[in-house]
Structures are given as structure tokens and as C-alpha cells.
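Shown next, in C-alpha cells, is the structure this report addresses.
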Amino acid sequence: MTAKPPLFQFDNSYAREMSGFFVAWEGAKVPSPDLVLFNRSLAEDLGLDPSALETREGAAIFAGVTPPDGASPLAQVYAGHQFGGFSPQLGDGRALLIGEVIDKLGHRRDIQLKGSGPTPFSRGGDGKAVIGPVLREYVIGEAMHALGIPTTRALAAVTTGENIFREGPKPGAVLARVASSHLRVGTFQFFAARSDTEKVRQLADYAIARHDPDLAQESDRYIKFFARVLERQAALVANWVLVGFVHGVMNTDNTTISGETIDYGPCAFIDAYDPAAVFSSIDHGGRYAFGRQPMIAQWNLARLAETLLALICPGDLDKAVELVSTELGHFPDFYRKHWLVGMRAKLGLQTEDENDQAFFEVLLTTMHEQKVDYTLLFRHLGEAASGNADKARALFNETKAFDDWSLQWQNRLAKEGANAALVKADMDRVNPIYIPRNHKVEEALTAAEVGDYMPTKRLLEVLSSPFEERVGLEDYAGPAPADLGPYRTFCGT
Ligand code: AMP
Ligand code: MG
């Protein structure tokens, strides 16, 4: 008889090399794990056997009840600035890294369970998650991936058979997610806040080996590493803004070193264009409003810079501060560069113009004043580029400002001389028709709370091809009817 192959070919570098950065821990026992969603294509990308995991055994693994062979489950330690205030002791309070696998492209990926029970870092929390937020993270993460935005991804969602108390009893659930690592700005802050320079160095070298291996032998690798993280974050936040995404809780513990979006809590996509848009019920001051995200990312990177000073120029703090300040000063330019490239693509423009920023802002200001749906307008502009501006115009109550802007835009396209049909096709490849519309997400999560997962599956299917318009999906393409009222999301649940 041949032995069954292991379900996961784990290679657990964090458990092996990073003693002192985690506690080994196991998930809570739960009554009846049930696999409700499983991401077969991601499983295949990870080199896993989907049919071996879409089983009772798989459900028990993803609930955290049974660690699979070769797993080294652990809770990672970190700190973080939350809404501007420093918490020196956070960590995985309801999550476990079960191990790392090397995917088919040769990239190392973490597999983490979120909602798998209390850990030494739970700080009085129950360590659990409930179905709504688990599926929100699943749906929005997968939507972001399909939009081409770096993100952690969902591998599986299980219900646990427990009732967890939130604003009432809710079905308990666990999300299995995949990340290129779970290293955060807050991981660095934990050790820097304890003045443990050697641990910060060990962490930085680990992060470099994992994310920027070409820097590993460089003598000035720490400042270069910082510059890389900064570029990744600038590009990430530009990508968010280009699709109208509001993360909602950009604390430093939710800011990755990899440049992936992480921890979808009170997040949402804007409907009407509004830089002040906030969806999180706890973000009273609007700290993490849509339009503040670039500035907040830069602030979070300044917190990372502080943790690296002692490595960058040992013994010469002034020099280290000068070097990181120079890098931080590049953030607005990096951000603007990514955003301008993205906006030109959204508008089908192939050439640069020195007035581009101002030109784009005229459109956005008009959209803001007239509460124009961000996603729909850019999608309809594709049709406008190919000769029919009716749908785009219809989104404005007063069309004059739009018409004036549009005339300049059309002139610019004409000057570029590109074929109109090709311009439309190019625009349609970057301007989604389907995003996770807040009311559709809510509709799906509400059904899931009573055990109906069909709306979630259908939504996932729609969002997996966000740029490809399909007949019969009109209901997914527009904002909620105005009488539904303002949308609110809730944190950490
Ligand atoms: P989040 O807002 O989800 O990014 O979480 C912030 C911190 O709170 C992290 O350290 C989490 O592990 C912890 N946390 C969130 N929810 C819970 C919970 N239900 N039980 C224990 N810890 C939690
Ligand atoms: Mg978090």
C-alpha cells in the first residue's frame, strides 16, 4: 500500500527561523466544521489537490481543529498604531499561520486561518469570527485580485457550528487566507518599541530575503528595503484610489511589507465620487476617508522608517533620519506617477501632458459636485470614446461642465489619432463594469447568515471577470437605489 501524499508540502520558514516572533499555538475545537466556499483555482495555483481538500478533512483543517501534517501553527506577534494611537502589544488575536507553501510560480505563500480561536494575543476578545465579515473578506479580496490589485486571497471559508455573540448570535466561521507574507509595519514596531535592534535586524533580513532578495547582499540594504516598501505602498494605494476602494482601517498593523492589501474589515467601494467618503462606523474623524489614503500610507511608512533608523546608519542617527526623510519625500511623487499612469489608461490616453493632473481633477471635481457614480462614469466614457457619450452625459444633472471637459478630452483623443474602437477596448480593460457594490455585498452576506450561500457564490462569479460585460448582470452594475440610505460597515467582527 502506498502512503497518502501529504495535503500540503509545507516549508515553514517563519516557524523555523523566527523564534521569538510568535507563539506556537493551536486552533479551538469547534462542533461541526462545514466547508461553505473553496477556491479551487487558488488551491491549484498553490500546488494543492482541490478534491482532497473539499472534504470533511479539509473542513476540519480550515476550521483550525486538525492541523494538517507538516503544519506549524503559530500566532504572530506585532504592535501597531490604531487610529493614530500606539498599541505596543497586538498580535494574532484570532488568527493562526498554519504554514507556508511554495506555489507553482515558485513564490512562498502563507496560509493563515482567521477566526480559529483565542491566542495569547486576544486581549479579552473571543478569538472568533462570524460568517458575514468572513465572507466580506472573501468576496472583496477576490474582487480586488480580479481587478489586478495586490491582495491577500481567500482559499476557503468554513462555518464552525457555533453561535458567536456579536449584535446578537451569529454563525461562527473561519477564513483560510493566503498572503505572500503577513509581515506588517506593526511587526517592526513591536521590536523597535522594545529597543530590540537585533530583532528588528533579524526581521528586516527575513523580510528582505522574502520580498526583496536581490538586496540581500547589499551593504545599504535597509534603506533600499525601505524604499521598496514605500514604492509598493504608493502603487497599492494609487490602485485603490483608481478603483474607488476605501480600506477603512489603515492602521500600521494592517499595512503590509509585501504591498498587498490586507484585513478587509470596514472596507467598501465608493458609489458617488467623494474624497471624504467614510464607511466605517468607528471612523468618526474621517481619518481613513477615501481621499486621505495616500497621506495615511505615507504616515504609516514614516512609522516603519522610525523602526529602521538604528539599522540604516548605526551610530549616526542624524544621517539615518536624513536618508529616510529623503525616501519619504519621494512618496507623493511615486503615488502621483502611479495615479497619473492609471488615470491616463482609464481615459484611453496614450500621451502625457504636463497639465494632466489639473485636467483629470476638473473631471473629478465635477463628478464630486454632481455626485456622479465613479465606476459607471469611467465605464461609460469607453463608449463616449467610441462616439456615443449619451450614457456618460446622463450621469450628470447639469451637463455643461462635463461637456466642456469632454470636448477637450475628445480633442486630445483625436490628436492622438488612435482607432476609436481600440481606445474603447483598452478603456474597458481597466474600467470595471462590476465592482463589489455595497448593497450586493450586503444582500449576499445577509443570505449567508441564514445558510443560503448562493448569492455569495453568484457575486463571486460576477466579480471574477470585472471587465467583461455580460447580459443578465445589469443588477450588479449600478449603485444601490437612493432610498436604501447611507452604507455603514463594522470593524473587527
Ligand atoms: P483588526 O482590526 O481585525 O485588524 O484587528 C486588530 C487586532 O485585534 C488584531 O490584533 C486582532 O488579532 C485583534 N482582534 C480582532 N478581533 C478579535 C477577536 N474577536 N478576538 C481576539 N482578537 C481580535
Ligand atoms: Mg488587522
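Following the order of the C-alpha cells, chains are lettered A, B, ..., residues in each are numbered from 1, and ligands are numbered from 1.
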Worksheet entry | Close residues, Asp404 in chain A itself excluded, 12 Å, only C-alpha atoms, min 5 positions apart in chain, as a ChimeraX atom specification | /A:359,362-363,366,393,398-399,409-411
Just the selected residues (N, CA and C atoms), exported as a compact mmCIF listing (two decimals), in the first residue's frame, please.
# COMPACT_ATOMS: atom_id res chain seq x y z
N PHE A 359 -6.17 68.59 -15.43
CA PHE A 359 -7.23 68.18 -16.36
C PHE A 359 -8.08 67.07 -15.74
N VAL A 362 -10.36 68.38 -12.92
CA VAL A 362 -11.58 69.09 -13.35
C VAL A 362 -12.73 68.08 -13.46
N LEU A 363 -12.45 66.94 -14.07
CA LEU A 363 -13.50 65.92 -14.20
C LEU A 363 -13.94 65.45 -12.81
N THR A 366 -16.08 67.93 -10.95
CA THR A 366 -17.45 67.95 -11.49
C THR A 366 -18.22 66.72 -11.02
N ARG A 393 -23.11 61.27 -20.28
CA ARG A 393 -23.77 62.57 -20.03
C ARG A 393 -24.95 62.41 -19.08
N GLU A 398 -26.32 68.52 -14.53
CA GLU A 398 -26.05 69.67 -15.40
C GLU A 398 -24.87 69.29 -16.28
N THR A 399 -25.14 69.22 -17.57
CA THR A 399 -24.14 68.60 -18.44
C THR A 399 -23.06 69.57 -18.92
N TRP A 409 -11.23 66.48 -23.90
CA TRP A 409 -10.77 65.07 -23.87
C TRP A 409 -10.86 64.45 -25.28
N GLN A 410 -12.00 64.71 -25.94
CA GLN A 410 -12.18 64.15 -27.29
C GLN A 410 -11.13 64.73 -28.25
N ASN A 411 -10.83 66.02 -28.07
CA ASN A 411 -9.80 66.63 -28.92
C ASN A 411 -8.46 65.96 -28.71
Set out as a Markdown table a contact list for chain A and ligand 2 with a cut-off of 9 Å, giving each residue of chain A that qualifies its closest atom pair and distance in Å to one decimal, counting only C-alpha atoms and all ligand atoms, ordered by chain and rising residue number.
| residue | atom | partner | partner_atom_place_in_ligand_line | distance |
| --- | --- | --- | --- | --- |
| A:Gly91 | CA | ligand 2 | 1 (Mg) | 8.6 |
| A:Asp92 | CA | ligand 2 | 1 (Mg) | 8.2 |
| A:Val249 | CA | ligand 2 | 1 (Mg) | 8.4 |
| A:Met250 | CA | ligand 2 | 1 (Mg) | 9.0 |
| A:Asn251 | CA | ligand 2 | 1 (Mg) | 7.8 |
| A:Thr252 | CA | ligand 2 | 1 (Mg) | 8.7 |
| A:Asp253 | CA | ligand 2 | 1 (Mg) | 5.7 |
| A:Asn254 | CA | ligand 2 | 1 (Mg) | 4.8 |
| A:Thr255 | CA | ligand 2 | 1 (Mg) | 8.5 |
| A:Ile262 | CA | ligand 2 | 1 (Mg) | 7.5 |
| A:Asp263 | CA | ligand 2 | 1 (Mg) | 5.2 |
| A:Tyr264 | CA | ligand 2 | 1 (Mg) | 8.3 |
| A:Gly265 | CA | ligand 2 | 1 (Mg) | 8.2 |
| A:Gly492 | CA | ligand 2 | 1 (Mg) | 7.9 |
Would you save the residues of that selection, restricted to N, CA, C and O atoms, as an mmCIF file, in the first residue's frame?
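What landed in selection32.cif:
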data_model
loop_
_atom_site.group_PDB
_atom_site.id
_atom_site.type_symbol
_atom_site.label_atom_id
_atom_site.label_comp_id
_atom_site.auth_asym_id
_atom_site.auth_seq_id
_atom_site.Cartn_x
_atom_site.Cartn_y
_atom_site.Cartn_z
ATOM 1 N N GLY A 91 -0.887 41.544 17.882
ATOM 2 C CA GLY A 91 -0.557 40.157 17.502
ATOM 3 C C GLY A 91 -1.801 39.449 17.032
ATOM 4 O O GLY A 91 -2.913 39.993 17.089
ATOM 5 N N ASP A 92 -1.609 38.235 16.520
ATOM 6 C CA ASP A 92 -2.742 37.456 16.022
ATOM 7 C C ASP A 92 -3.640 37.052 17.192
ATOM 8 O O ASP A 92 -3.372 36.062 17.872
ATOM 9 N N VAL A 249 -9.542 50.915 7.493
ATOM 10 C CA VAL A 249 -8.830 50.811 8.771
ATOM 11 C C VAL A 249 -7.332 50.624 8.505
ATOM 12 O O VAL A 249 -6.747 49.587 8.742
ATOM 13 N N MET A 250 -6.745 51.722 7.984
ATOM 14 C CA MET A 250 -5.336 51.695 7.576
ATOM 15 C C MET A 250 -4.405 51.885 8.773
ATOM 16 O O MET A 250 -3.532 52.767 8.784
ATOM 17 N N ASN A 251 -4.598 51.054 9.788
ATOM 18 C CA ASN A 251 -3.669 51.081 10.919
ATOM 19 C C ASN A 251 -2.336 50.473 10.484
ATOM 20 O O ASN A 251 -2.285 49.725 9.500
ATOM 21 N N THR A 252 -1.274 50.746 11.234
ATOM 22 C CA THR A 252 0.033 50.240 10.785
ATOM 23 C C THR A 252 0.105 48.714 10.884
ATOM 24 O O THR A 252 0.905 48.092 10.203
ATOM 25 N N ASP A 253 -0.735 48.114 11.704
ATOM 26 C CA ASP A 253 -0.766 46.644 11.759
ATOM 27 C C ASP A 253 -1.538 46.064 10.572
ATOM 28 O O ASP A 253 -1.530 44.850 10.367
ATOM 29 N N ASN A 254 -2.205 46.915 9.805
ATOM 30 C CA ASN A 254 -2.877 46.462 8.586
ATOM 31 C C ASN A 254 -2.155 46.975 7.348
ATOM 32 O O ASN A 254 -2.750 47.062 6.272
ATOM 33 N N THR A 255 -0.879 47.315 7.507
ATOM 34 C CA THR A 255 -0.069 47.812 6.387
ATOM 35 C C THR A 255 1.036 46.802 6.137
ATOM 36 O O THR A 255 1.911 46.596 6.984
ATOM 37 N N ILE A 262 -4.490 44.041 2.923
ATOM 38 C CA ILE A 262 -4.763 43.026 3.947
ATOM 39 C C ILE A 262 -5.853 43.519 4.891
ATOM 40 O O ILE A 262 -6.048 44.724 5.041
ATOM 41 N N ASP A 263 -6.536 42.575 5.497
ATOM 42 C CA ASP A 263 -7.511 42.833 6.562
ATOM 43 C C ASP A 263 -8.686 43.702 6.098
ATOM 44 O O ASP A 263 -8.800 44.880 6.434
ATOM 45 N N TYR A 264 -9.532 43.046 5.337
ATOM 46 C CA TYR A 264 -10.750 43.707 4.858
ATOM 47 C C TYR A 264 -11.758 43.725 5.989
ATOM 48 O O TYR A 264 -12.418 42.731 6.256
ATOM 49 N N GLY A 265 -11.833 44.824 6.693
ATOM 50 C CA GLY A 265 -12.835 44.951 7.751
ATOM 51 C C GLY A 265 -13.929 45.870 7.241
ATOM 52 O O GLY A 265 -14.761 45.495 6.413
ATOM 53 N N GLY A 492 -13.634 44.669 12.776
ATOM 54 C CA GLY A 492 -13.089 43.656 13.692
ATOM 55 C C GLY A 492 -14.077 42.611 14.163
ATOM 56 O O GLY A 492 -13.954 42.116 15.291
#
Discussion item. Ranking A:Asp316, A:Glu26, A:Val246, A:Ala414 by minimum distance to Asn438 in chain A and counting only C-alpha atoms, which one comes first?
Written reply: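 The shortest atom-to-atom distance to Asn438 in chain A comes from A:Val246.
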Worksheet item: Which polymer residues have any atom within 12 Å of an atom of Gly286 in chain A, counting only C-alpha atoms, with same-chain residues fewer than 3 positions away left out, as an MDAnalysis selection string?
Response: chainID A and resid 83 246 248:250 275:283 289:293 296
Item to complete: Among the residues of range 270-335 of chain A, find those DSSP assigns to alpha helix (DSSP H) from the backbone and print them as a PyMOL selection string.
Response: chain A and resi 293-312+317-329+331-335
Let's have the selection written as a compact mmCIF listing (two decimals), in the first residue's frame, with N, CA, C and O atoms.
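Produced file result-v9.txt, reproduced below:
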# COMPACT_ATOMS: atom_id res chain seq x y z
N GLN A 293 -6.25 58.47 1.92
CA GLN A 293 -5.49 57.22 1.99
C GLN A 293 -4.00 57.38 1.60
O GLN A 293 -3.14 56.80 2.27
N PRO A 294 -3.69 58.17 0.54
CA PRO A 294 -2.27 58.33 0.23
C PRO A 294 -1.49 58.96 1.38
O PRO A 294 -0.41 58.49 1.75
N MET A 295 -2.07 59.99 1.99
CA MET A 295 -1.39 60.66 3.09
C MET A 295 -1.19 59.72 4.28
O MET A 295 -0.16 59.70 4.94
N ILE A 296 -2.22 58.90 4.53
CA ILE A 296 -2.13 57.95 5.66
C ILE A 296 -1.07 56.89 5.37
O ILE A 296 -0.30 56.50 6.26
N ALA A 297 -1.00 56.44 4.13
CA ALA A 297 0.04 55.44 3.78
C ALA A 297 1.42 56.04 4.04
O ALA A 297 2.30 55.37 4.60
N GLN A 298 1.59 57.30 3.67
CA GLN A 298 2.88 57.94 3.91
C GLN A 298 3.16 58.05 5.41
O GLN A 298 4.28 57.81 5.86
N TRP A 299 2.15 58.37 6.17
CA TRP A 299 2.30 58.44 7.63
C TRP A 299 2.70 57.06 8.19
O TRP A 299 3.61 56.95 9.01
N ASN A 300 2.05 56.02 7.70
CA ASN A 300 2.37 54.67 8.17
C ASN A 300 3.81 54.30 7.81
O ASN A 300 4.50 53.63 8.59
N LEU A 301 4.24 54.75 6.63
CA LEU A 301 5.62 54.46 6.22
C LEU A 301 6.63 55.22 7.08
O LEU A 301 7.73 54.72 7.34
N ALA A 302 6.24 56.38 7.55
CA ALA A 302 7.12 57.11 8.47
C ALA A 302 7.30 56.30 9.77
O ALA A 302 8.38 56.28 10.36
N ARG A 303 6.23 55.62 10.17
CA ARG A 303 6.34 54.77 11.37
C ARG A 303 7.28 53.58 11.10
O ARG A 303 8.03 53.17 11.96
N LEU A 304 7.24 53.05 9.89
CA LEU A 304 8.18 51.97 9.54
C LEU A 304 9.61 52.51 9.54
O LEU A 304 10.53 51.88 10.07
N ALA A 305 9.78 53.70 8.95
CA ALA A 305 11.11 54.31 8.88
C ALA A 305 11.72 54.42 10.29
O ALA A 305 12.89 54.09 10.50
N GLU A 306 10.91 54.84 11.25
CA GLU A 306 11.42 55.01 12.62
C GLU A 306 12.01 53.71 13.17
O GLU A 306 12.98 53.71 13.91
N THR A 307 11.38 52.59 12.78
CA THR A 307 11.85 51.31 13.33
C THR A 307 13.19 50.90 12.72
O THR A 307 13.88 50.05 13.28
N LEU A 308 13.54 51.46 11.56
CA LEU A 308 14.73 51.01 10.83
C LEU A 308 15.95 51.90 11.05
O LEU A 308 17.05 51.59 10.58
N LEU A 309 15.74 53.03 11.75
CA LEU A 309 16.82 54.03 11.85
C LEU A 309 18.13 53.44 12.36
O LEU A 309 19.20 53.68 11.81
N ALA A 310 18.01 52.60 13.41
CA ALA A 310 19.23 52.07 14.03
C ALA A 310 19.97 51.12 13.09
O ALA A 310 21.16 50.87 13.27
N LEU A 311 19.27 50.57 12.09
CA LEU A 311 19.93 49.67 11.14
C LEU A 311 20.54 50.44 9.98
O LEU A 311 21.53 50.02 9.39
N ILE A 312 19.91 51.55 9.65
CA ILE A 312 20.28 52.25 8.41
C ILE A 312 21.66 52.90 8.54
O ILE A 312 22.48 52.79 7.64
N LEU A 317 22.46 58.70 13.98
CA LEU A 317 21.01 58.85 13.88
C LEU A 317 20.64 59.99 12.92
O LEU A 317 19.70 59.85 12.13
N ASP A 318 21.39 61.08 12.98
CA ASP A 318 21.06 62.23 12.11
C ASP A 318 21.13 61.84 10.64
O ASP A 318 20.25 62.19 9.85
N LYS A 319 22.15 61.09 10.30
CA LYS A 319 22.32 60.65 8.90
C LYS A 319 21.16 59.72 8.50
O LYS A 319 20.60 59.83 7.41
N ALA A 320 20.81 58.80 9.43
CA ALA A 320 19.72 57.87 9.14
C ALA A 320 18.41 58.63 8.91
O ALA A 320 17.65 58.35 7.97
N VAL A 321 18.17 59.64 9.76
CA VAL A 321 16.95 60.44 9.62
C VAL A 321 16.94 61.15 8.26
O VAL A 321 15.92 61.20 7.57
N GLU A 322 18.11 61.67 7.89
CA GLU A 322 18.21 62.36 6.61
C GLU A 322 17.88 61.40 5.45
O GLU A 322 17.11 61.74 4.54
N LEU A 323 18.44 60.19 5.52
CA LEU A 323 18.20 59.23 4.43
C LEU A 323 16.73 58.82 4.33
O LEU A 323 16.15 58.79 3.25
N VAL A 324 16.12 58.51 5.48
CA VAL A 324 14.71 58.08 5.39
C VAL A 324 13.81 59.25 5.01
O VAL A 324 12.81 59.06 4.31
N SER A 325 14.17 60.46 5.46
CA SER A 325 13.34 61.61 5.10
C SER A 325 13.34 61.83 3.60
O SER A 325 12.32 62.16 2.99
N THR A 326 14.51 61.64 2.99
CA THR A 326 14.60 61.77 1.54
C THR A 326 13.67 60.76 0.86
O THR A 326 12.91 61.11 -0.04
N GLU A 327 13.74 59.52 1.33
CA GLU A 327 12.88 58.48 0.73
C GLU A 327 11.40 58.81 0.95
O GLU A 327 10.59 58.71 0.03
N LEU A 328 11.07 59.18 2.18
CA LEU A 328 9.66 59.51 2.46
C LEU A 328 9.17 60.65 1.59
O LEU A 328 8.01 60.66 1.15
N GLY A 329 10.07 61.59 1.32
CA GLY A 329 9.72 62.73 0.47
C GLY A 329 9.38 62.32 -0.96
O GLY A 329 8.73 63.07 -1.68
N PHE A 331 7.48 59.82 -1.65
CA PHE A 331 6.17 59.15 -1.68
C PHE A 331 5.15 59.89 -2.56
O PHE A 331 4.52 59.27 -3.43
N PRO A 332 4.96 61.20 -2.35
CA PRO A 332 3.92 61.87 -3.16
C PRO A 332 4.19 61.75 -4.66
O PRO A 332 3.25 61.56 -5.44
N ASP A 333 5.48 61.80 -5.04
CA ASP A 333 5.79 61.67 -6.48
C ASP A 333 5.51 60.27 -6.99
O ASP A 333 4.96 60.11 -8.08
N PHE A 334 5.89 59.26 -6.22
CA PHE A 334 5.61 57.88 -6.63
C PHE A 334 4.11 57.67 -6.77
O PHE A 334 3.62 57.09 -7.72
N TYR A 335 3.41 58.15 -5.75
CA TYR A 335 1.95 57.99 -5.76
C TYR A 335 1.36 58.66 -7.00
O TYR A 335 0.57 58.05 -7.73
Fill in: Given only C-alpha atoms and all ligand atoms as the counted atoms, nearest of A:Ala173, A:Leu37, A:Ala418, A:Leu46 to ligand 1
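Smallest separation from ligand 1 among the options: A:Ala173.
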